[in-house]
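For reference, coords14.cif (mmCIF, C-alpha atoms and all ligand atoms):
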```cif
data_input
loop_
_atom_site.label_atom_id
_atom_site.label_comp_id
_atom_site.auth_asym_id
_atom_site.auth_seq_id
_atom_site.Cartn_x
_atom_site.Cartn_y
_atom_site.Cartn_z
CA MET A 10 0.10 -7.13 -21.15
CA SER A 11 -0.56 -3.90 -19.36
CA LEU A 12 -2.66 -1.42 -21.37
CA SER A 13 -2.64 2.21 -20.27
CA ILE A 14 -4.29 4.32 -22.96
CA ILE A 15 -7.40 2.78 -24.50
CA GLY A 16 -9.79 4.34 -26.99
CA ASN A 17 -13.42 3.20 -26.84
CA TRP A 18 -14.96 4.13 -30.17
CA LYS A 19 -18.45 3.00 -29.06
CA SER A 20 -20.79 2.83 -32.08
CA ASN A 21 -18.68 5.04 -34.39
CA GLY A 22 -16.32 4.62 -37.35
CA SER A 23 -16.62 3.59 -40.99
CA LEU A 24 -14.36 1.72 -43.41
CA GLU A 25 -13.26 5.05 -44.90
CA SER A 26 -12.91 7.16 -41.74
CA ASN A 27 -10.97 4.35 -40.00
CA LYS A 28 -8.24 4.68 -42.66
CA SER A 29 -7.93 8.43 -42.07
CA TRP A 30 -7.83 7.79 -38.31
CA ILE A 31 -4.80 5.50 -38.76
CA HIS A 32 -3.12 8.11 -40.95
CA ASP A 33 -3.66 10.87 -38.36
CA PHE A 34 -2.57 8.65 -35.46
CA LYS A 35 0.57 7.45 -37.21
CA TYR A 36 1.80 10.94 -37.98
CA SER A 37 1.05 12.29 -34.53
CA ILE A 38 2.40 9.57 -32.24
CA ASN A 39 5.91 10.43 -31.00
CA ASP A 40 7.05 6.95 -30.07
CA PRO A 41 6.54 4.36 -32.80
CA GLU A 42 7.35 1.63 -30.22
CA ILE A 43 4.02 1.95 -28.48
CA SER A 44 3.06 -1.14 -26.56
CA ASN A 45 0.49 -0.01 -24.03
CA VAL A 46 -1.92 1.86 -26.33
CA ALA A 47 -5.09 0.26 -27.70
CA ILE A 48 -8.38 0.98 -29.41
CA CYS A 49 -11.73 -0.78 -29.30
CA PRO A 50 -13.64 -0.25 -32.56
CA PRO A 51 -17.10 -1.77 -33.17
CA PHE A 52 -17.02 -5.54 -33.86
CA THR A 53 -17.52 -5.10 -37.61
CA TYR A 54 -14.32 -3.05 -37.91
CA LEU A 55 -12.08 -5.24 -35.71
CA ASP A 56 -10.72 -7.19 -38.66
CA GLN A 57 -10.00 -4.05 -40.70
CA MET A 58 -8.32 -2.31 -37.76
CA ILE A 59 -6.22 -5.37 -36.92
CA SER A 60 -4.84 -5.36 -40.50
CA LEU A 61 -4.37 -1.60 -40.60
CA THR A 62 -2.41 -1.60 -37.34
CA SER A 63 -0.29 -4.69 -38.00
CA ASN A 64 2.88 -2.60 -38.36
CA LEU A 65 2.06 -0.28 -35.44
CA GLY A 66 2.34 -1.35 -31.80
CA LEU A 67 -1.34 -0.50 -31.29
CA SER A 68 -3.44 -3.29 -29.74
CA ILE A 69 -7.03 -3.92 -30.80
CA GLY A 70 -9.75 -4.99 -28.39
CA SER A 71 -13.51 -5.44 -28.47
CA GLN A 72 -16.02 -3.31 -26.57
CA ASP A 73 -17.81 -6.31 -25.13
CA ILE A 74 -17.90 -10.10 -25.22
CA ASP A 75 -20.61 -12.62 -24.52
CA SER A 76 -20.52 -14.84 -21.44
CA SER A 77 -20.83 -17.97 -23.56
CA SER A 78 -21.16 -19.22 -27.16
CA GLY A 79 -23.45 -21.41 -29.29
CA ALA A 80 -27.19 -20.82 -29.57
CA ARG A 81 -27.09 -17.11 -28.67
CA THR A 82 -28.33 -15.19 -31.71
CA GLY A 83 -26.60 -11.89 -32.26
CA SER A 84 -23.85 -12.42 -29.72
CA ILE A 85 -20.06 -12.43 -30.21
CA SER A 86 -18.05 -15.02 -28.29
CA ILE A 87 -14.55 -14.69 -26.87
CA ASN A 88 -13.29 -17.38 -29.24
CA ALA A 89 -14.63 -15.44 -32.24
CA CYS A 90 -12.75 -12.35 -31.02
CA LYS A 91 -9.55 -14.29 -30.35
CA ASP A 92 -9.81 -15.96 -33.73
CA ILE A 93 -9.36 -12.68 -35.60
CA GLY A 94 -6.49 -11.52 -33.40
CA CYS A 95 -8.31 -9.45 -30.84
CA CYS A 96 -6.41 -9.55 -27.56
CA PHE A 97 -8.73 -8.11 -24.92
CA SER A 98 -12.19 -6.72 -24.27
CA ILE A 99 -13.89 -4.01 -22.30
CA VAL A 100 -16.53 -5.56 -20.01
CA GLY A 101 -19.22 -3.83 -17.94
CA HIS A 102 -19.20 -0.39 -19.52
CA SER A 103 -21.94 1.75 -17.92
CA GLU A 104 -23.71 1.96 -21.29
CA ARG A 105 -23.93 -1.87 -21.36
CA ARG A 106 -25.21 -1.82 -17.78
CA GLU A 107 -27.78 0.94 -18.40
CA ILE A 108 -28.98 0.39 -21.97
CA PHE A 109 -28.63 -3.40 -22.14
CA GLY A 110 -29.45 -4.19 -18.51
CA GLU A 111 -26.20 -6.00 -17.65
CA SER A 112 -26.05 -6.72 -13.91
CA ASN A 113 -23.06 -7.27 -11.64
CA MET A 114 -23.83 -11.01 -11.55
CA TYR A 115 -24.12 -11.27 -15.34
CA LEU A 116 -20.82 -9.40 -15.73
CA ARG A 117 -19.23 -11.78 -13.24
CA GLN A 118 -20.13 -14.63 -15.61
CA LYS A 119 -18.49 -12.80 -18.53
CA LEU A 120 -15.41 -12.29 -16.44
CA ILE A 121 -15.24 -15.97 -15.43
CA THR A 122 -15.52 -17.06 -19.09
CA ALA A 123 -12.83 -14.58 -20.12
CA GLN A 124 -10.50 -15.71 -17.33
CA GLU A 125 -11.02 -19.36 -18.32
CA SER A 126 -10.04 -18.49 -21.90
CA GLY A 127 -7.03 -16.46 -20.81
CA PHE A 128 -8.63 -13.39 -22.39
CA GLN A 129 -7.71 -10.02 -20.93
CA VAL A 130 -10.47 -7.83 -19.52
CA ILE A 131 -10.79 -4.12 -18.86
CA PHE A 132 -13.58 -4.10 -16.29
CA CYS A 133 -15.59 -0.88 -15.95
CA ILE A 134 -17.16 0.43 -12.78
CA GLY A 135 -18.53 3.87 -11.90
CA GLU A 136 -21.19 5.66 -9.94
CA PRO A 137 -24.22 7.64 -11.16
CA LYS A 138 -24.66 11.32 -10.26
CA GLU A 139 -27.04 10.58 -7.34
CA GLN A 140 -24.40 8.51 -5.56
CA GLN A 141 -21.78 11.14 -6.12
CA LEU A 142 -24.07 13.84 -4.69
CA ALA A 143 -25.00 11.67 -1.73
CA GLY A 144 -21.32 11.00 -0.95
CA THR A 145 -21.82 7.24 -1.35
CA THR A 146 -19.50 6.67 -4.32
CA ASN A 147 -17.21 4.26 -2.46
CA ASN A 148 -20.10 2.11 -1.20
CA PHE A 149 -21.48 1.90 -4.73
CA LEU A 150 -18.11 0.95 -6.24
CA GLU A 151 -17.42 -1.59 -3.51
CA LYS A 152 -20.74 -3.34 -4.25
CA GLN A 153 -19.94 -3.45 -7.98
CA ILE A 154 -16.52 -4.93 -7.24
CA ILE A 155 -17.64 -7.47 -4.63
CA GLU A 156 -20.60 -8.77 -6.63
CA SER A 157 -18.60 -9.15 -9.84
CA LEU A 158 -15.11 -10.10 -8.73
CA SER A 159 -14.98 -11.48 -5.21
CA ASP A 160 -13.12 -14.78 -4.81
CA LEU A 161 -12.04 -14.87 -8.46
CA GLU A 162 -8.44 -15.56 -9.36
CA LEU A 163 -7.63 -12.53 -11.53
CA LEU A 164 -5.22 -12.91 -14.43
CA ASP A 165 -2.19 -10.76 -15.10
CA GLY A 166 -3.29 -7.73 -17.09
CA PHE A 167 -6.73 -7.61 -15.51
CA THR A 168 -7.50 -3.88 -15.32
CA ILE A 169 -10.26 -1.74 -13.83
CA ALA A 170 -11.57 1.36 -15.61
CA TYR A 171 -13.16 3.81 -13.20
CA GLU A 172 -15.72 5.85 -15.14
CA PRO A 173 -18.08 8.06 -13.09
CA ILE A 174 -21.24 7.90 -15.23
CA TRP A 175 -21.90 11.62 -14.84
CA ALA A 176 -18.45 12.42 -16.28
CA ILE A 177 -18.93 10.43 -19.49
CA GLY A 178 -19.35 12.69 -22.51
CA THR A 179 -20.20 15.73 -20.36
CA GLY A 180 -16.90 17.62 -20.25
CA LYS A 181 -17.05 17.38 -16.43
CA ILE A 182 -14.51 15.43 -14.41
CA PRO A 183 -14.23 14.90 -10.65
CA ASP A 184 -11.59 16.74 -8.65
CA ILE A 185 -8.24 15.17 -9.62
CA LYS A 186 -7.32 14.39 -5.99
CA ASP A 187 -10.69 12.67 -5.53
CA ILE A 188 -10.05 10.51 -8.61
CA ASN A 189 -6.65 9.54 -7.22
CA ALA A 190 -8.15 8.62 -3.83
CA THR A 191 -10.93 6.61 -5.51
CA HIS A 192 -8.35 4.68 -7.56
CA LYS A 193 -6.45 3.81 -4.38
CA PHE A 194 -9.73 2.65 -2.80
CA ILE A 195 -10.53 0.48 -5.86
CA LYS A 196 -7.07 -1.12 -5.81
CA ASP A 197 -7.46 -1.95 -2.10
CA ILE A 198 -10.94 -3.46 -2.49
CA VAL A 199 -9.97 -5.59 -5.50
CA GLN A 200 -6.82 -6.70 -3.72
CA SER A 201 -8.68 -7.75 -0.58
CA SER A 202 -11.62 -9.42 -2.35
CA SER A 203 -9.90 -11.33 -5.17
CA LYS A 204 -8.75 -14.88 -4.49
CA ASN A 205 -5.14 -14.17 -5.41
CA ASN A 206 -4.99 -10.71 -3.74
CA PHE A 207 -4.47 -9.11 -7.11
CA THR A 208 -3.81 -5.37 -7.27
CA PRO A 209 -5.07 -4.10 -10.64
CA ASN A 210 -4.05 -1.10 -12.68
CA VAL A 211 -6.88 1.43 -12.61
CA LEU A 212 -7.58 3.63 -15.64
CA TYR A 213 -9.72 6.75 -15.41
CA GLY A 214 -12.51 7.35 -17.96
CA GLY A 215 -14.89 10.28 -18.44
CA SER A 216 -14.21 13.39 -20.56
CA VAL A 217 -10.47 12.79 -20.88
CA THR A 218 -8.85 15.02 -23.53
CA SER A 219 -5.34 16.23 -24.35
CA LYS A 220 -6.17 19.31 -22.20
CA ASN A 221 -6.69 17.47 -18.90
CA ALA A 222 -4.50 14.40 -19.53
CA GLU A 223 -1.32 15.88 -18.09
CA VAL A 224 -2.77 16.65 -14.65
CA LEU A 225 -4.49 13.27 -14.52
CA PHE A 226 -1.38 11.29 -15.40
CA LYS A 227 0.68 13.02 -12.70
CA GLU A 228 -1.38 11.29 -10.01
CA LYS A 229 0.16 8.24 -8.37
CA TYR A 230 -2.81 5.87 -8.65
CA ILE A 231 -4.06 6.90 -12.10
CA ASP A 232 -2.48 4.25 -14.34
CA GLY A 233 -3.88 5.54 -17.64
CA ALA A 234 -7.19 6.38 -19.30
CA LEU A 235 -10.17 4.89 -21.12
CA ILE A 236 -11.15 7.52 -23.66
CA GLY A 237 -14.42 7.88 -25.57
CA GLY A 238 -15.06 11.03 -27.64
CA ALA A 239 -11.43 12.17 -27.82
CA SER A 240 -10.33 8.77 -29.18
CA LEU A 241 -12.38 9.27 -32.35
CA ASN A 242 -9.77 11.71 -33.62
CA GLY A 243 -6.47 9.91 -34.38
CA LYS A 244 -4.39 13.04 -33.80
CA GLU A 245 -6.02 13.89 -30.46
CA PHE A 246 -5.76 10.27 -29.29
CA ALA A 247 -2.05 10.14 -30.23
CA GLU A 248 -1.54 13.40 -28.35
CA ILE A 249 -3.00 11.85 -25.17
CA ALA A 250 -0.72 8.80 -25.63
CA ASN A 251 2.26 11.18 -26.07
CA ILE A 252 1.35 12.97 -22.83
CA PHE A 253 1.13 9.63 -21.00
CA LYS A 254 4.52 8.59 -22.34
CA ASN A 255 6.08 11.86 -21.09
CA ARG A 256 4.40 11.88 -17.69
CA GLY A 257 7.76 11.68 -15.99
CA PHE A 258 7.68 8.61 -13.71
P1 LIG A 301 -15.84 10.17 -23.00
O1 LIG A 301 -14.34 10.19 -23.03
O2 LIG A 301 -16.47 10.56 -24.28
O3 LIG A 301 -16.37 10.93 -21.83
O4 LIG A 301 -16.29 8.65 -22.78
C1 LIG A 301 -15.70 7.91 -21.77
C2 LIG A 301 -16.06 6.50 -21.96
O5 LIG A 301 -17.23 6.13 -21.80
C3 LIG A 301 -15.00 5.57 -22.36
O6 LIG A 301 -15.39 4.25 -22.18
#
```
Representation of the structure as structure tokens:
Amino acid sequence: MSLSIIGNWKSNGSLESNKSWIHDFKYSINDPEISNVAICPPFTYLDQMISLTSNLGLSIGSQDIDSSSGARTGSISINACKDIGCCFSIVGHSERREIFGESNMYLRQKLITAQESGFQVIFCIGEPKEQQLAGTTNNFLEKQIIESLSDLELLDGFTIAYEPIWAIGTGKIPDIKDINATHKFIKDIVQSSSKNNFTPNVLYGGSVTSKNAEVLFKEKYIDGALIGGASLNGKEFAEIANIFKNRGF
């Protein structure tokens, strides 16, 4: 399954506000036959959101998964997610890397476990501001890709989300042509380093809103978006999905 517009709610939502979100989304989405739109609520709301979206095409994913199961207090396994009807997970978000110390090698293990379970992954990469200023973005991204993915057989639906760390939650985004070129670079590196020469879809993440979505989605190598802040509003998120649907190619 190819997912193009994904909302990452991070640590937000409540039983009550989730219901209003669904209401707002439902009345704002133009095409009720949505199949490539998804949201990732916190673990505790996955079950609620899976029931609330059962008659919508919206997919529900988790924001993270553990690399294993069993004696790992506080962790959530892939099987636990699958069990409640969750169909994919974000892995390697920069907040997991920075706040929770997740390394490329550790993320590789999560990816291997997910692949073995046939569980779809949206794998995040992205450079900090210093790398962007130094002009070493591509080197940084290549290292993230090689250390986490090289020689793995990537499953259908495996997707990269390119999120420059300095663009997350700041209202700043890179030049659109630069994003497009970076996406092409990412596709080439994943293709040449994966065992099965897999070319992934690449979503852009970092301050995406309904205001900048149209220009982003016109670019050849931008296959969709991973959206944080703007996905917390059901109407705004639906508007971005509508813009993607009408992007004209
Ligand atoms: P914002 O859209 O709030 O910048 O967040 C992006 C993000 O981190 C999505 O994973």
Would you compute an axis-aligned box for ligand LIG 301 (chain A), covering every atom listed for it in the file with 6 Å of margin on each side, and report centre and edge lengths in Å to one decimal as JSON?
```
{"center_x": -15.8, "center_y": 7.6, "center_z": -23.0, "size_x": 14.9, "size_y": 18.7, "size_z": 14.5}
```
Kindly provide, as an MDAnalysis selection string, all nucleotide and amino acid residues lying within 8 Å of ligand LIG 301 (chain A), counting all atoms listed in the file.
chainID A and resid 16:19 102:104 172 174 176:180 214:218 235:240
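Take atom CA of A:Phe132 and atom CA of A:Gly101: the distance between them is 5.9 Å.
Comparing the minimum interatomic distances between A:Gln153 and each of A:Gln200, A:Thr53, A:Thr191, A:Ser112, counting only C-alpha atoms, we find that A:Ser112 sits nearest.
Neighbouring residues of A:Val100 at 8 Å or closer, counting all atoms listed in the file and skipping chain neighbours under 5 positions away, are Gln72, Asp73, Ile74, Leu116, Lys119, Leu120, Val130, Ile131, Phe132 and Cys133 of chain A.
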Generate a file of the selected residues that holds C-alpha atoms, formatted as an mmCIF file, keeping the file's coordinate frame.
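The resulting file, part36.cif, is reproduced below:
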```cif
data_model
loop_
_atom_site.group_PDB
_atom_site.id
_atom_site.type_symbol
_atom_site.label_atom_id
_atom_site.label_comp_id
_atom_site.auth_asym_id
_atom_site.auth_seq_id
_atom_site.Cartn_x
_atom_site.Cartn_y
_atom_site.Cartn_z
ATOM 1 C CA GLN A 72 -16.020 -3.310 -26.570
ATOM 2 C CA ASP A 73 -17.810 -6.310 -25.130
ATOM 3 C CA ILE A 74 -17.900 -10.100 -25.220
ATOM 4 C CA LEU A 116 -20.820 -9.400 -15.730
ATOM 5 C CA LYS A 119 -18.490 -12.800 -18.530
ATOM 6 C CA LEU A 120 -15.410 -12.290 -16.440
ATOM 7 C CA VAL A 130 -10.470 -7.830 -19.520
ATOM 8 C CA ILE A 131 -10.790 -4.120 -18.860
ATOM 9 C CA PHE A 132 -13.580 -4.100 -16.290
ATOM 10 C CA CYS A 133 -15.590 -0.880 -15.950
#
```
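One finds atom CA of A:Asn39 at 8.4 Å from atom CA of A:Glu248.
Near A:Val224, within 10 Å and counting all atoms listed in the file, sit Ile185, Lys220, Glu228, Ile252 and Arg256 of chain A, not including residues fewer than 4 positions from it in the same chain.
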At a cut-off of 12 Å, using only C-alpha atoms, what residues contact stretch 94-98 of chain A? Leave out same-chain residues fewer than 5 positions from it and give the result as a ChimeraX atom specification.
/A:10-12,15-17,47-52,54-60,62-63,67-76,85-89,119-120,123-124,126-133,166-170
Excluding stretch 27-30 of chain A and its own-chain neighbours fewer than 6 positions away, which residues fall within 8 Å of it when counting all atoms listed in the file? Please give them as a ChimeraX atom specification.
/A:58,61,241-244
Would you put the residues from that selection into a file with C-alpha atoms, as a PDB file, in the frame of the given file?
```
ATOM      1  CA  MET A  58      -8.320  -2.310 -37.760  1.00  0.00           C
ATOM      2  CA  LEU A  61      -4.370  -1.600 -40.600  1.00  0.00           C
ATOM      3  CA  LEU A 241     -12.380   9.270 -32.350  1.00  0.00           C
ATOM      4  CA  ASN A 242      -9.770  11.710 -33.620  1.00  0.00           C
ATOM      5  CA  GLY A 243      -6.470   9.910 -34.380  1.00  0.00           C
ATOM      6  CA  LYS A 244      -4.390  13.040 -33.800  1.00  0.00           C
TER       7      LYS A 244
END
```
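The spacing separating atom CA of A:Glu136 from atom CA of A:Thr122 amounts to 25.1 Å.
Using all atoms listed in the file for every distance, the candidate list A:Lys227, A:Leu65, A:Leu164, A:Ala247 yields A:Leu164 as the residue closest to A:Thr208.
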Give me stretch 114-137 of chain A with N, CA and C atoms filled in, as a PDB file, in the coordinates of the input.
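File rebuild-v1.pdb, as written:
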```pdb
ATOM      1  N   MET A 114     -23.938  -9.542 -11.506  1.00  0.00           N
ATOM      2  CA  MET A 114     -23.830 -11.010 -11.550  1.00  0.00           C
ATOM      3  C   MET A 114     -23.601 -11.511 -12.981  1.00  0.00           C
ATOM      4  N   TYR A 115     -24.287 -10.885 -13.933  1.00  0.00           N
ATOM      5  CA  TYR A 115     -24.120 -11.270 -15.340  1.00  0.00           C
ATOM      6  C   TYR A 115     -22.681 -10.946 -15.793  1.00  0.00           C
ATOM      7  N   LEU A 116     -22.180  -9.792 -15.352  1.00  0.00           N
ATOM      8  CA  LEU A 116     -20.820  -9.400 -15.730  1.00  0.00           C
ATOM      9  C   LEU A 116     -19.790 -10.324 -15.088  1.00  0.00           C
ATOM     10  N   ARG A 117     -20.119 -10.818 -13.913  1.00  0.00           N
ATOM     11  CA  ARG A 117     -19.230 -11.780 -13.240  1.00  0.00           C
ATOM     12  C   ARG A 117     -19.064 -13.017 -14.135  1.00  0.00           C
ATOM     13  N   GLN A 118     -20.191 -13.451 -14.738  1.00  0.00           N
ATOM     14  CA  GLN A 118     -20.130 -14.630 -15.610  1.00  0.00           C
ATOM     15  C   GLN A 118     -19.245 -14.365 -16.824  1.00  0.00           C
ATOM     16  N   LYS A 119     -19.352 -13.148 -17.390  1.00  0.00           N
ATOM     17  CA  LYS A 119     -18.490 -12.800 -18.530  1.00  0.00           C
ATOM     18  C   LYS A 119     -17.021 -12.856 -18.114  1.00  0.00           C
ATOM     19  N   LEU A 120     -16.782 -12.331 -16.928  1.00  0.00           N
ATOM     20  CA  LEU A 120     -15.410 -12.290 -16.440  1.00  0.00           C
ATOM     21  C   LEU A 120     -14.854 -13.702 -16.230  1.00  0.00           C
ATOM     22  N   ILE A 121     -15.683 -14.581 -15.659  1.00  0.00           N
ATOM     23  CA  ILE A 121     -15.240 -15.970 -15.430  1.00  0.00           C
ATOM     24  C   ILE A 121     -14.899 -16.630 -16.765  1.00  0.00           C
ATOM     25  N   THR A 122     -15.774 -16.445 -17.767  1.00  0.00           N
ATOM     26  CA  THR A 122     -15.520 -17.060 -19.090  1.00  0.00           C
ATOM     27  C   THR A 122     -14.236 -16.500 -19.683  1.00  0.00           C
ATOM     28  N   ALA A 123     -14.042 -15.193 -19.556  1.00  0.00           N
ATOM     29  CA  ALA A 123     -12.830 -14.580 -20.120  1.00  0.00           C
ATOM     30  C   ALA A 123     -11.586 -15.120 -19.420  1.00  0.00           C
ATOM     31  N   GLN A 124     -11.657 -15.219 -18.097  1.00  0.00           N
ATOM     32  CA  GLN A 124     -10.500 -15.710 -17.330  1.00  0.00           C
ATOM     33  C   GLN A 124     -10.172 -17.154 -17.742  1.00  0.00           C
ATOM     34  N   GLU A 125     -11.238 -17.957 -17.929  1.00  0.00           N
ATOM     35  CA  GLU A 125     -11.020 -19.360 -18.320  1.00  0.00           C
ATOM     36  C   GLU A 125     -10.355 -19.463 -19.688  1.00  0.00           C
ATOM     37  N   SER A 126     -10.627 -18.460 -20.553  1.00  0.00           N
ATOM     38  CA  SER A 126     -10.040 -18.490 -21.900  1.00  0.00           C
ATOM     39  C   SER A 126      -8.725 -17.735 -21.949  1.00  0.00           C
ATOM     40  N   GLY A 127      -8.275 -17.226 -20.824  1.00  0.00           N
ATOM     41  CA  GLY A 127      -7.030 -16.460 -20.810  1.00  0.00           C
ATOM     42  C   GLY A 127      -7.155 -15.156 -21.582  1.00  0.00           C
ATOM     43  N   PHE A 128      -8.361 -14.601 -21.610  1.00  0.00           N
ATOM     44  CA  PHE A 128      -8.630 -13.390 -22.390  1.00  0.00           C
ATOM     45  C   PHE A 128      -8.629 -12.190 -21.454  1.00  0.00           C
ATOM     46  N   GLN A 129      -7.869 -11.174 -21.816  1.00  0.00           N
ATOM     47  CA  GLN A 129      -7.710 -10.020 -20.930  1.00  0.00           C
ATOM     48  C   GLN A 129      -8.960  -9.142 -20.883  1.00  0.00           C
ATOM     49  N   VAL A 130      -9.262  -8.644 -19.698  1.00  0.00           N
ATOM     50  CA  VAL A 130     -10.470  -7.830 -19.520  1.00  0.00           C
ATOM     51  C   VAL A 130     -10.142  -6.468 -18.920  1.00  0.00           C
ATOM     52  N   ILE A 131     -10.795  -5.451 -19.459  1.00  0.00           N
ATOM     53  CA  ILE A 131     -10.790  -4.120 -18.860  1.00  0.00           C
ATOM     54  C   ILE A 131     -12.179  -3.965 -18.261  1.00  0.00           C
ATOM     55  N   PHE A 132     -12.279  -4.044 -16.958  1.00  0.00           N
ATOM     56  CA  PHE A 132     -13.580  -4.100 -16.290  1.00  0.00           C
ATOM     57  C   PHE A 132     -13.998  -2.727 -15.787  1.00  0.00           C
ATOM     58  N   CYS A 133     -15.161  -2.251 -16.286  1.00  0.00           N
ATOM     59  CA  CYS A 133     -15.590  -0.880 -15.950  1.00  0.00           C
ATOM     60  C   CYS A 133     -16.508  -0.838 -14.739  1.00  0.00           C
ATOM     61  N   ILE A 134     -16.262   0.134 -13.897  1.00  0.00           N
ATOM     62  CA  ILE A 134     -17.160   0.430 -12.780  1.00  0.00           C
ATOM     63  C   ILE A 134     -17.329   1.948 -12.731  1.00  0.00           C
ATOM     64  N   GLY A 135     -18.344   2.418 -12.022  1.00  0.00           N
ATOM     65  CA  GLY A 135     -18.530   3.870 -11.900  1.00  0.00           C
ATOM     66  C   GLY A 135     -19.895   4.196 -11.342  1.00  0.00           C
ATOM     67  N   GLU A 136     -19.951   5.313 -10.640  1.00  0.00           N
ATOM     68  CA  GLU A 136     -21.190   5.660  -9.940  1.00  0.00           C
ATOM     69  C   GLU A 136     -22.031   6.667 -10.733  1.00  0.00           C
ATOM     70  N   PRO A 137     -23.364   6.606 -10.570  1.00  0.00           N
ATOM     71  CA  PRO A 137     -24.220   7.640 -11.160  1.00  0.00           C
ATOM     72  C   PRO A 137     -24.149   8.930 -10.337  1.00  0.00           C
TER      73      PRO A 137
END
```
